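Student: See run-v5.cif below, with mmCIF, C-alpha atoms.
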```
data_query
#
loop_
_atom_site.label_atom_id
_atom_site.label_comp_id
_atom_site.auth_asym_id
_atom_site.auth_seq_id
_atom_site.Cartn_x
_atom_site.Cartn_y
_atom_site.Cartn_z
CA MET A 1 33.46 11.38 -9.27
CA GLU A 2 31.56 10.07 -6.26
CA LYS A 3 30.22 12.54 -3.74
CA GLN A 4 31.43 12.32 -0.17
CA LEU A 5 28.80 11.03 2.25
CA LYS A 6 27.55 13.64 4.69
CA PRO A 7 28.85 13.28 8.26
CA PRO A 8 26.36 12.44 11.05
CA THR A 9 24.76 15.38 12.81
CA THR A 10 23.57 15.86 16.38
CA TYR A 11 19.96 16.76 17.17
CA ASP A 12 21.11 20.31 17.96
CA GLU A 13 22.77 20.54 14.55
CA GLN A 14 19.66 19.15 12.84
CA VAL A 15 17.55 21.86 14.49
CA GLU A 16 19.94 24.51 13.19
CA ILE A 17 19.83 23.05 9.65
CA LEU A 18 16.04 23.29 9.69
CA ARG A 19 16.22 26.86 10.91
CA ARG A 20 18.78 27.87 8.28
CA ARG A 21 16.46 26.54 5.61
CA GLY A 22 13.61 28.68 6.89
CA CYS A 23 11.65 26.41 9.22
CA LEU A 24 10.04 28.23 12.14
CA ILE A 25 10.73 26.46 15.44
CA LYS A 26 9.22 27.92 18.60
CA ASP A 27 9.82 24.96 20.91
CA GLU A 28 13.35 23.69 20.33
CA ALA A 29 13.04 20.94 22.93
CA LEU A 30 9.94 19.57 21.22
CA CYS A 31 11.66 19.72 17.83
CA LYS A 32 14.59 17.68 19.16
CA GLU A 33 12.16 15.22 20.69
CA ILE A 34 10.51 14.76 17.28
CA LEU A 35 13.86 14.29 15.54
CA ALA A 36 15.00 11.80 18.17
CA LYS A 37 11.82 9.80 17.65
CA LEU A 38 11.38 9.92 13.87
CA ASN A 39 14.82 10.21 12.23
CA TYR A 40 15.75 13.44 10.45
CA TYR A 41 15.84 11.78 7.03
CA ARG A 42 12.32 10.32 7.38
CA PHE A 43 10.81 13.46 8.91
CA THR A 44 12.25 15.98 6.44
CA ALA A 45 10.56 14.16 3.54
CA TYR A 46 7.36 15.80 4.79
CA PHE A 47 8.87 19.21 3.98
CA LEU A 48 8.79 18.41 0.25
CA PRO A 49 5.61 20.42 -0.53
CA PHE A 50 7.20 23.43 1.20
CA ARG A 51 10.62 23.37 -0.46
CA LYS A 52 11.84 26.00 -2.88
CA ASP A 53 14.13 25.10 -5.78
CA ASN A 54 17.24 25.99 -3.75
CA GLY A 55 16.25 23.63 -0.92
CA ASP A 56 15.08 26.32 1.48
CA TYR A 57 11.51 26.32 2.79
CA LEU A 58 8.66 28.58 1.83
CA PRO A 59 7.90 31.51 4.16
CA GLY A 60 5.72 30.47 7.09
CA THR A 61 6.81 26.82 7.10
CA ASN A 62 6.82 25.66 10.71
CA ILE A 63 7.72 22.51 12.57
CA ASP A 64 4.28 22.17 14.17
CA THR A 65 2.46 21.94 10.83
CA ILE A 66 4.97 19.44 9.44
CA TYR A 67 4.58 17.24 12.50
CA GLN A 68 0.78 17.33 12.20
CA ILE A 69 1.09 16.28 8.56
CA TYR A 70 3.32 13.42 9.66
CA GLU A 71 0.72 12.33 12.23
CA PHE A 72 -2.04 12.51 9.62
CA ASP A 73 0.06 10.34 7.31
CA ARG A 74 0.73 7.80 10.06
CA LYS A 75 -2.94 7.51 10.95
CA ILE A 76 -4.32 7.26 7.41
CA ARG A 77 -1.70 4.60 6.66
CA SER A 78 -3.08 2.55 9.55
CA ILE A 79 -6.68 2.91 8.31
CA LEU A 80 -5.75 1.85 4.78
CA PHE A 81 -3.64 -1.08 5.92
CA SER A 82 -6.59 -2.52 7.85
CA ALA A 83 -8.70 -2.29 4.67
CA ILE A 84 -5.96 -3.95 2.63
CA GLU A 85 -5.85 -6.84 5.10
CA GLU A 86 -9.54 -7.59 4.46
CA ILE A 87 -9.05 -7.33 0.70
CA GLU A 88 -6.06 -9.66 0.77
CA VAL A 89 -7.85 -12.32 2.81
CA ASN A 90 -10.91 -12.07 0.54
CA LEU A 91 -8.84 -12.41 -2.64
CA ARG A 92 -7.05 -15.46 -1.27
CA THR A 93 -10.42 -17.06 -0.49
CA LYS A 94 -12.07 -16.24 -3.83
CA PHE A 95 -9.08 -17.12 -6.02
CA ALA A 96 -8.50 -20.42 -4.21
CA TYR A 97 -12.17 -21.42 -4.35
CA TYR A 98 -12.41 -20.72 -8.08
CA HIS A 99 -9.15 -22.44 -8.98
CA ALA A 100 -9.74 -25.50 -6.79
CA HIS A 101 -13.19 -26.18 -8.18
CA LYS A 102 -12.05 -25.79 -11.78
CA PHE A 103 -8.59 -27.36 -11.69
CA GLY A 104 -8.47 -29.43 -8.50
CA ALA A 105 -6.58 -29.13 -5.24
CA ILE A 106 -3.10 -28.94 -6.78
CA GLY A 107 -4.02 -27.66 -10.23
CA TYR A 108 -1.96 -24.57 -9.52
CA MET A 109 1.15 -26.74 -9.97
CA ASN A 110 0.17 -27.54 -13.58
CA GLU A 111 1.74 -25.15 -16.10
CA ALA A 112 -1.07 -25.86 -18.59
CA ASN A 113 -3.51 -23.93 -16.41
CA TYR A 114 -1.73 -20.62 -16.99
CA ASN A 115 -1.26 -18.25 -19.91
CA ILE A 116 1.85 -18.01 -22.08
CA LYS A 117 3.29 -15.09 -20.08
CA HIS A 118 3.40 -17.19 -16.93
CA LYS A 119 6.93 -18.08 -15.79
CA HIS A 120 6.19 -21.44 -14.24
CA ASP A 121 9.73 -22.33 -13.14
CA LYS A 122 9.98 -19.11 -11.16
CA PHE A 123 6.51 -19.65 -9.73
CA ILE A 124 7.38 -23.17 -8.49
CA GLU A 125 10.65 -21.81 -7.13
CA ARG A 126 8.70 -19.15 -5.25
CA ILE A 127 6.31 -21.78 -3.87
CA SER A 128 9.27 -23.74 -2.52
CA TYR A 129 10.73 -20.59 -1.01
CA ILE A 130 7.60 -19.54 0.87
CA LYS A 131 7.15 -23.07 2.22
CA GLU A 132 10.71 -23.07 3.51
CA GLU A 133 10.37 -19.54 4.86
CA ASN A 134 7.30 -20.60 6.85
CA LYS A 135 8.42 -24.12 7.73
CA ASN A 136 7.82 -23.60 11.46
CA LEU A 137 4.13 -22.80 11.04
CA LEU A 138 1.96 -25.67 12.26
CA PHE A 139 -0.10 -26.00 9.07
CA VAL A 140 3.06 -26.05 6.96
CA LYS A 141 4.60 -28.75 9.14
CA HIS A 142 1.35 -30.72 8.99
CA HIS A 143 1.20 -30.77 5.18
CA LYS A 144 4.88 -31.62 4.88
CA GLU A 145 4.62 -34.53 7.29
CA SER A 146 1.12 -35.82 6.54
CA TYR A 147 0.69 -35.17 2.81
CA GLY A 148 4.19 -35.63 1.41
CA ASP A 149 4.78 -31.89 1.03
CA LYS A 150 1.63 -31.49 -1.09
CA PHE A 151 -0.31 -28.30 -0.41
CA PRO A 152 -3.80 -27.75 -1.85
CA ILE A 153 -4.42 -24.31 -3.32
CA TRP A 154 -6.57 -23.23 -0.37
CA VAL A 155 -3.63 -23.89 1.95
CA ILE A 156 -0.65 -22.62 -0.04
CA ILE A 157 -2.47 -19.40 -0.96
CA GLU A 158 -2.40 -18.43 2.73
CA LEU A 159 1.33 -17.86 2.23
CA PHE A 160 0.90 -15.65 -0.84
CA SER A 161 1.72 -11.97 -0.46
CA PHE A 162 -0.56 -9.38 -2.06
CA GLY A 163 1.94 -9.05 -4.89
CA MET A 164 1.98 -12.80 -5.43
CA LEU A 165 -1.83 -12.86 -5.50
CA SER A 166 -1.78 -10.16 -8.16
CA ARG A 167 0.78 -12.05 -10.25
CA PHE A 168 -1.22 -15.27 -9.82
CA TYR A 169 -4.29 -13.55 -11.27
CA ASN A 170 -2.22 -12.05 -14.12
CA SER A 171 -0.95 -15.54 -15.00
CA LEU A 172 -4.38 -17.13 -15.34
CA GLN A 173 -5.80 -17.89 -18.76
CA THR A 174 -8.03 -15.19 -20.24
CA PRO A 175 -11.38 -16.96 -19.64
CA ASP A 176 -10.49 -17.39 -15.95
CA GLN A 177 -9.40 -13.78 -15.63
CA LYS A 178 -12.64 -12.63 -17.22
CA SER A 179 -14.78 -14.83 -15.02
CA LEU A 180 -13.16 -13.64 -11.79
CA ALA A 181 -13.15 -9.97 -12.80
CA LYS A 182 -16.81 -10.08 -13.82
CA ASN A 183 -18.16 -12.15 -10.94
CA LEU A 184 -16.14 -10.55 -8.16
CA PHE A 185 -15.95 -6.89 -9.20
CA ASN A 186 -18.18 -6.48 -12.25
CA THR A 187 -15.27 -5.32 -14.39
CA ASN A 188 -12.79 -6.67 -16.94
CA PRO A 189 -9.28 -8.12 -16.49
CA LYS A 190 -7.40 -5.04 -17.72
CA ILE A 191 -9.11 -2.79 -15.18
CA LEU A 192 -8.85 -5.32 -12.35
CA LYS A 193 -5.13 -5.77 -13.00
CA SER A 194 -4.61 -2.02 -12.62
CA TRP A 195 -6.54 -1.95 -9.34
CA LEU A 196 -4.55 -4.90 -8.01
CA ARG A 197 -1.27 -3.20 -8.94
CA CYS A 198 -2.37 -0.03 -7.16
CA CYS A 199 -3.32 -1.95 -4.05
CA THR A 200 -0.10 -3.95 -4.11
CA ASP A 201 1.93 -0.72 -4.21
CA LEU A 202 -0.18 0.84 -1.48
CA ARG A 203 0.11 -2.28 0.68
CA ASN A 204 3.90 -2.34 0.39
CA ILE A 205 4.21 1.34 1.26
CA CYS A 206 1.95 0.95 4.29
CA ALA A 207 3.72 -2.21 5.46
CA HIS A 208 7.07 -0.41 5.46
CA TYR A 209 5.67 2.78 7.04
CA GLY A 210 6.34 4.76 3.88
CA ARG A 211 5.12 8.28 3.23
CA LEU A 212 1.73 8.64 1.54
CA TYR A 213 1.43 12.42 1.76
CA PHE A 214 2.60 14.28 -1.37
CA ARG A 215 3.64 11.00 -2.95
CA ILE A 216 3.47 10.27 -6.68
CA PHE A 217 2.48 6.63 -7.12
CA GLY A 218 3.88 4.47 -9.90
CA ALA A 219 0.78 2.34 -10.48
CA ILE A 220 -2.15 4.08 -12.18
CA PRO A 221 -5.76 2.93 -11.58
CA ALA A 222 -7.87 2.51 -14.72
CA GLU A 223 -11.42 3.64 -15.43
CA LEU A 224 -12.04 5.76 -12.35
CA GLY A 225 -12.76 9.03 -14.14
CA LEU A 226 -9.75 10.80 -12.64
CA ASP A 227 -7.34 13.25 -14.24
CA GLU A 228 -3.67 12.27 -14.57
CA LYS A 229 -2.47 14.13 -11.47
CA THR A 230 -5.20 12.71 -9.26
CA LYS A 231 -4.59 9.16 -10.52
CA ARG A 232 -1.00 9.28 -9.30
CA ARG A 233 -1.77 10.68 -5.86
CA LEU A 234 -3.14 8.96 -2.78
CA PHE A 235 -6.75 9.56 -3.78
CA GLY A 236 -6.39 7.37 -6.87
CA ALA A 237 -4.94 4.53 -4.81
CA ILE A 238 -7.72 4.78 -2.21
CA LEU A 239 -10.39 4.77 -4.91
CA ALA A 240 -8.87 1.59 -6.39
CA LEU A 241 -8.90 0.14 -2.88
CA LYS A 242 -12.59 0.93 -2.55
CA LYS A 243 -13.34 -0.87 -5.83
CA ILE A 244 -12.05 -4.22 -4.57
CA TYR A 245 -13.01 -3.89 -0.91
CA PRO A 246 -15.32 -6.88 -0.21
CA ASN A 247 -18.01 -5.16 1.88
CA PRO A 248 -19.46 -1.83 0.60
CA ASP A 249 -21.53 -1.29 3.74
CA LYS A 250 -18.53 -1.83 6.01
CA TRP A 251 -16.43 0.43 3.80
CA ASN A 252 -18.93 3.22 4.31
CA LYS A 253 -19.40 2.74 8.04
CA GLU A 254 -15.79 2.05 8.99
CA ILE A 255 -13.14 2.81 6.36
CA PHE A 256 -14.71 5.86 4.69
CA LYS A 257 -15.89 7.24 8.03
CA SER A 258 -12.42 6.89 9.53
CA ILE A 259 -10.83 8.62 6.53
CA SER A 260 -13.42 11.40 6.60
CA ASP A 261 -13.04 11.96 10.35
CA LEU A 262 -9.26 12.05 10.03
CA ILE A 263 -9.29 14.58 7.19
CA HIS A 264 -11.62 16.87 9.10
CA GLN A 265 -9.46 16.49 12.22
CA TYR A 266 -6.33 17.63 10.36
CA SER A 267 -7.99 20.06 7.96
CA LYS A 268 -6.02 23.05 9.29
CA ASP A 269 -2.66 21.46 8.51
CA ILE A 270 -3.05 19.25 5.42
CA ASN A 271 -3.62 20.39 1.85
CA LEU A 272 -6.02 18.10 -0.01
CA ARG A 273 -4.28 18.88 -3.31
CA HIS A 274 -1.13 17.29 -1.91
CA ILE A 275 -2.92 13.92 -1.72
CA GLY A 276 -4.99 14.37 -4.89
CA PHE A 277 -8.36 14.74 -3.14
CA PRO A 278 -10.84 16.63 -5.37
CA VAL A 279 -13.52 18.98 -4.07
CA ASN A 280 -16.14 16.19 -4.21
CA TRP A 281 -13.93 13.59 -2.52
CA GLU A 282 -16.58 12.59 0.02
CA GLU A 283 -19.08 11.84 -2.73
CA SER A 284 -16.51 9.76 -4.61
CA LEU A 285 -15.20 7.75 -1.66
CA GLY A 286 -18.53 7.04 0.01
CA ASN A 287 -21.06 4.47 -1.11
#
```
Here is a file; write its structure as structure tokens.
Tutor:
Amino acid sequence: MEKQLKPPTTYDEQVEILRRRGCLIKDEALCKEILAKLNYYRFTAYFLPFRKDNGDYLPGTNIDTIYQIYEFDRKIRSILFSAIEEIEVNLRTKFAYYHAHKFGAIGYMNEANYNIKHKHDKFIERISYIKEENKNLLFVKHHKESYGDKFPIWVIIELFSFGMLSRFYNSLQTPDQKSLAKNLFNTNPKILKSWLRCCTDLRNICAHYGRLYFRIFGAIPAELGLDEKTKRRLFGAILALKKIYPNPDKWNKEIFKSISDLIHQYSKDINLRHIGFPVNWEESLGN
């Protein structure tokens, strides 16, 4: 039998629900302001580390700490998304350059250039879809009108999402996967595929403003020397991000520094175990 959906609640009622569950609220007006800005459903996900089995909150849980955790999550998401942008642009460039010089400008349209797991019909269908979806972009219009709807790899790849880039790499023949993994990241295809999956998941979460704090990730990074719990937390995803970030010096000076500064700024409110950060996290994340 289906459960009845819960009726909508006012901000005053939401405050009382939080209180009944054990959340300490000193400034009720501020609490309502937070709820009006963030949505009760989104905000209460940050109470997960403080929930008891019956749904009530652990003693001492207060709205101020939860809000600071939310702010930490929002800010680290922004830092990571900027790093993902650079990775995505770099992968598009490197994959297109390699493929174009080996197979030609439109070699990506040839099914023979992929492995047996590649679903070429779906790939071509996806290519058509992204061209149609972006038909108003000037460079898309130009190639439709001037080149008979033919797009060289270095053009069409600008429309690939991170997930599509990852699937494109997974579909390449083994020698091509090995060459790219070795030359770009000094690793092997199996490990690179795991890092790309991690970064794809992280990118999608960040793009949709999803929660990173106290999250268990589905994709697991390979060969990073982490235990199982750490692999599935935010730390594992960030370490995979570091592995394929194109500029180690910039990572250290900008990305790592921003993460480090943020963690120290919110050290009184966050729990590093909740995001999988080990004691030596600074040594691991820095270059």
Student: Which is closest to A:Ile79 among A:Ser258, A:Thr200, A:Asn186, A:Ser179, if we use all atoms listed in the file?
Tutor: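 Of all the options, A:Ser258 lies closest to A:Ile79.
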Student: Any idea what's packed within 10 Å of A:Asn287, counting only C-alpha atoms, ignoring anything in its chain fewer than 3 positions away? Could you give it as a PyMOL selection string?
Tutor: chain A and resi 242+248-253+256+282-284
Student: In the coordinates of the file, take the point (-10.0, -1.8, -12.5) and a cut-off of 10 Å; then, counting all atoms listed in the file, name each qualifying protein, DNA or RNA residue as a VMD selection string.
Tutor: chain A and resid 181 185 to 198 220 to 224 240 to 241 243 to 244
Student: Limited to C-alpha atoms, could you put the picked residues into a file as a CSV table (one decimal), keeping the file's coordinate frame?
Tutor:
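For reference, result-v3.csv as written:
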```
chain,number,residue,atom,x,y,z
A,181,ALA,CA,-13.2,-10.0,-12.8
A,185,PHE,CA,-16.0,-6.9,-9.2
A,186,ASN,CA,-18.2,-6.5,-12.2
A,187,THR,CA,-15.3,-5.3,-14.4
A,188,ASN,CA,-12.8,-6.7,-16.9
A,189,PRO,CA,-9.3,-8.1,-16.5
A,190,LYS,CA,-7.4,-5.0,-17.7
A,191,ILE,CA,-9.1,-2.8,-15.2
A,192,LEU,CA,-8.8,-5.3,-12.4
A,193,LYS,CA,-5.1,-5.8,-13.0
A,194,SER,CA,-4.6,-2.0,-12.6
A,195,TRP,CA,-6.5,-2.0,-9.3
A,196,LEU,CA,-4.6,-4.9,-8.0
A,197,ARG,CA,-1.3,-3.2,-8.9
A,198,CYS,CA,-2.4,0.0,-7.2
A,220,ILE,CA,-2.2,4.1,-12.2
A,221,PRO,CA,-5.8,2.9,-11.6
A,222,ALA,CA,-7.9,2.5,-14.7
A,223,GLU,CA,-11.4,3.6,-15.4
A,224,LEU,CA,-12.0,5.8,-12.4
A,240,ALA,CA,-8.9,1.6,-6.4
A,241,LEU,CA,-8.9,0.1,-2.9
A,243,LYS,CA,-13.3,-0.9,-5.8
A,244,ILE,CA,-12.0,-4.2,-4.6
```
Student: Suppose you want the space between atom CA of A:Asp64 and atom CA of A:Leu80; what is it in Å?
Tutor: 24.5 Å
Student: So which one's closest to A:Ile76, A:Leu262, A:Met1, A:Leu35, A:Leu285? Using all atoms listed in the file, please.
Tutor: A:Leu262
Student: Output requested as an mmCIF file, in the coordinates of the input - stretch 161-187 of chain A, filled out with N, CA and C atoms.
Tutor:
```cif
data_model
loop_
_atom_site.group_PDB
_atom_site.id
_atom_site.type_symbol
_atom_site.label_atom_id
_atom_site.label_comp_id
_atom_site.auth_asym_id
_atom_site.auth_seq_id
_atom_site.Cartn_x
_atom_site.Cartn_y
_atom_site.Cartn_z
ATOM 1 N N SER A 161 1.775 -13.398 -0.752
ATOM 2 C CA SER A 161 1.720 -11.970 -0.460
ATOM 3 C C SER A 161 0.685 -11.336 -1.393
ATOM 4 N N PHE A 162 0.370 -10.070 -1.166
ATOM 5 C CA PHE A 162 -0.560 -9.380 -2.060
ATOM 6 C C PHE A 162 0.004 -9.348 -3.483
ATOM 7 N N GLY A 163 1.301 -9.080 -3.580
ATOM 8 C CA GLY A 163 1.940 -9.050 -4.890
ATOM 9 C C GLY A 163 1.873 -10.390 -5.595
ATOM 10 N N MET A 164 2.035 -11.462 -4.849
ATOM 11 C CA MET A 164 1.980 -12.800 -5.430
ATOM 12 C C MET A 164 0.557 -13.135 -5.869
ATOM 13 N N LEU A 165 -0.429 -12.678 -5.105
ATOM 14 C CA LEU A 165 -1.830 -12.860 -5.500
ATOM 15 C C LEU A 165 -2.105 -12.151 -6.823
ATOM 16 N N SER A 166 -1.586 -10.936 -6.932
ATOM 17 C CA SER A 166 -1.780 -10.160 -8.160
ATOM 18 C C SER A 166 -1.133 -10.851 -9.356
ATOM 19 N N ARG A 167 0.086 -11.352 -9.157
ATOM 20 C CA ARG A 167 0.780 -12.050 -10.250
ATOM 21 C C ARG A 167 0.075 -13.368 -10.599
ATOM 22 N N PHE A 168 -0.470 -14.027 -9.593
ATOM 23 C CA PHE A 168 -1.220 -15.270 -9.820
ATOM 24 C C PHE A 168 -2.410 -14.988 -10.733
ATOM 25 N N TYR A 169 -3.141 -13.920 -10.432
ATOM 26 C CA TYR A 169 -4.290 -13.550 -11.270
ATOM 27 C C TYR A 169 -3.823 -13.209 -12.695
ATOM 28 N N ASN A 170 -2.739 -12.458 -12.803
ATOM 29 C CA ASN A 170 -2.220 -12.050 -14.120
ATOM 30 C C ASN A 170 -1.791 -13.250 -14.965
ATOM 31 N N SER A 171 -1.448 -14.346 -14.294
ATOM 32 C CA SER A 171 -0.950 -15.540 -15.000
ATOM 33 C C SER A 171 -2.068 -16.487 -15.446
ATOM 34 N N LEU A 172 -3.282 -16.252 -14.960
ATOM 35 C CA LEU A 172 -4.380 -17.130 -15.340
ATOM 36 C C LEU A 172 -4.730 -16.970 -16.812
ATOM 37 N N GLN A 173 -5.362 -17.983 -17.378
ATOM 38 C CA GLN A 173 -5.800 -17.890 -18.760
ATOM 39 C C GLN A 173 -6.933 -16.867 -18.872
ATOM 40 N N THR A 174 -7.078 -16.290 -20.040
ATOM 41 C CA THR A 174 -8.030 -15.190 -20.240
ATOM 42 C C THR A 174 -9.449 -15.510 -19.778
ATOM 43 N N PRO A 175 -10.015 -16.671 -20.105
ATOM 44 C CA PRO A 175 -11.380 -16.960 -19.640
ATOM 45 C C PRO A 175 -11.502 -16.928 -18.111
ATOM 46 N N ASP A 176 -10.460 -17.396 -17.419
ATOM 47 C CA ASP A 176 -10.490 -17.390 -15.950
ATOM 48 C C ASP A 176 -10.362 -15.979 -15.405
ATOM 49 N N GLN A 177 -9.515 -15.183 -16.026
ATOM 50 C CA GLN A 177 -9.400 -13.780 -15.630
ATOM 51 C C GLN A 177 -10.727 -13.050 -15.813
ATOM 52 N N LYS A 178 -11.359 -13.290 -16.931
ATOM 53 C CA LYS A 178 -12.640 -12.630 -17.220
ATOM 54 C C LYS A 178 -13.715 -13.044 -16.223
ATOM 55 N N SER A 179 -13.768 -14.329 -15.931
ATOM 56 C CA SER A 179 -14.780 -14.830 -15.020
ATOM 57 C C SER A 179 -14.624 -14.225 -13.623
ATOM 58 N N LEU A 180 -13.406 -14.201 -13.122
ATOM 59 C CA LEU A 180 -13.160 -13.640 -11.790
ATOM 60 C C LEU A 180 -13.430 -12.136 -11.752
ATOM 61 N N ALA A 181 -12.961 -11.425 -12.766
ATOM 62 C CA ALA A 181 -13.150 -9.970 -12.800
ATOM 63 C C ALA A 181 -14.633 -9.615 -12.845
ATOM 64 N N LYS A 182 -15.379 -10.350 -13.661
ATOM 65 C CA LYS A 182 -16.810 -10.080 -13.820
ATOM 66 C C LYS A 182 -17.591 -10.452 -12.564
ATOM 67 N N ASN A 183 -17.370 -11.651 -12.066
ATOM 68 C CA ASN A 183 -18.160 -12.150 -10.940
ATOM 69 C C ASN A 183 -17.821 -11.499 -9.611
ATOM 70 N N LEU A 184 -16.551 -11.132 -9.435
ATOM 71 C CA LEU A 184 -16.140 -10.550 -8.160
ATOM 72 C C LEU A 184 -16.317 -9.032 -8.116
ATOM 73 N N PHE A 185 -15.990 -8.358 -9.232
ATOM 74 C CA PHE A 185 -15.950 -6.890 -9.200
ATOM 75 C C PHE A 185 -16.683 -6.220 -10.354
ATOM 76 N N ASN A 186 -17.397 -7.017 -11.130
ATOM 77 C CA ASN A 186 -18.180 -6.480 -12.250
ATOM 78 C C ASN A 186 -17.339 -5.585 -13.162
ATOM 79 N N THR A 187 -16.149 -6.073 -13.522
ATOM 80 C CA THR A 187 -15.270 -5.320 -14.390
ATOM 81 C C THR A 187 -14.562 -6.279 -15.340
#
```
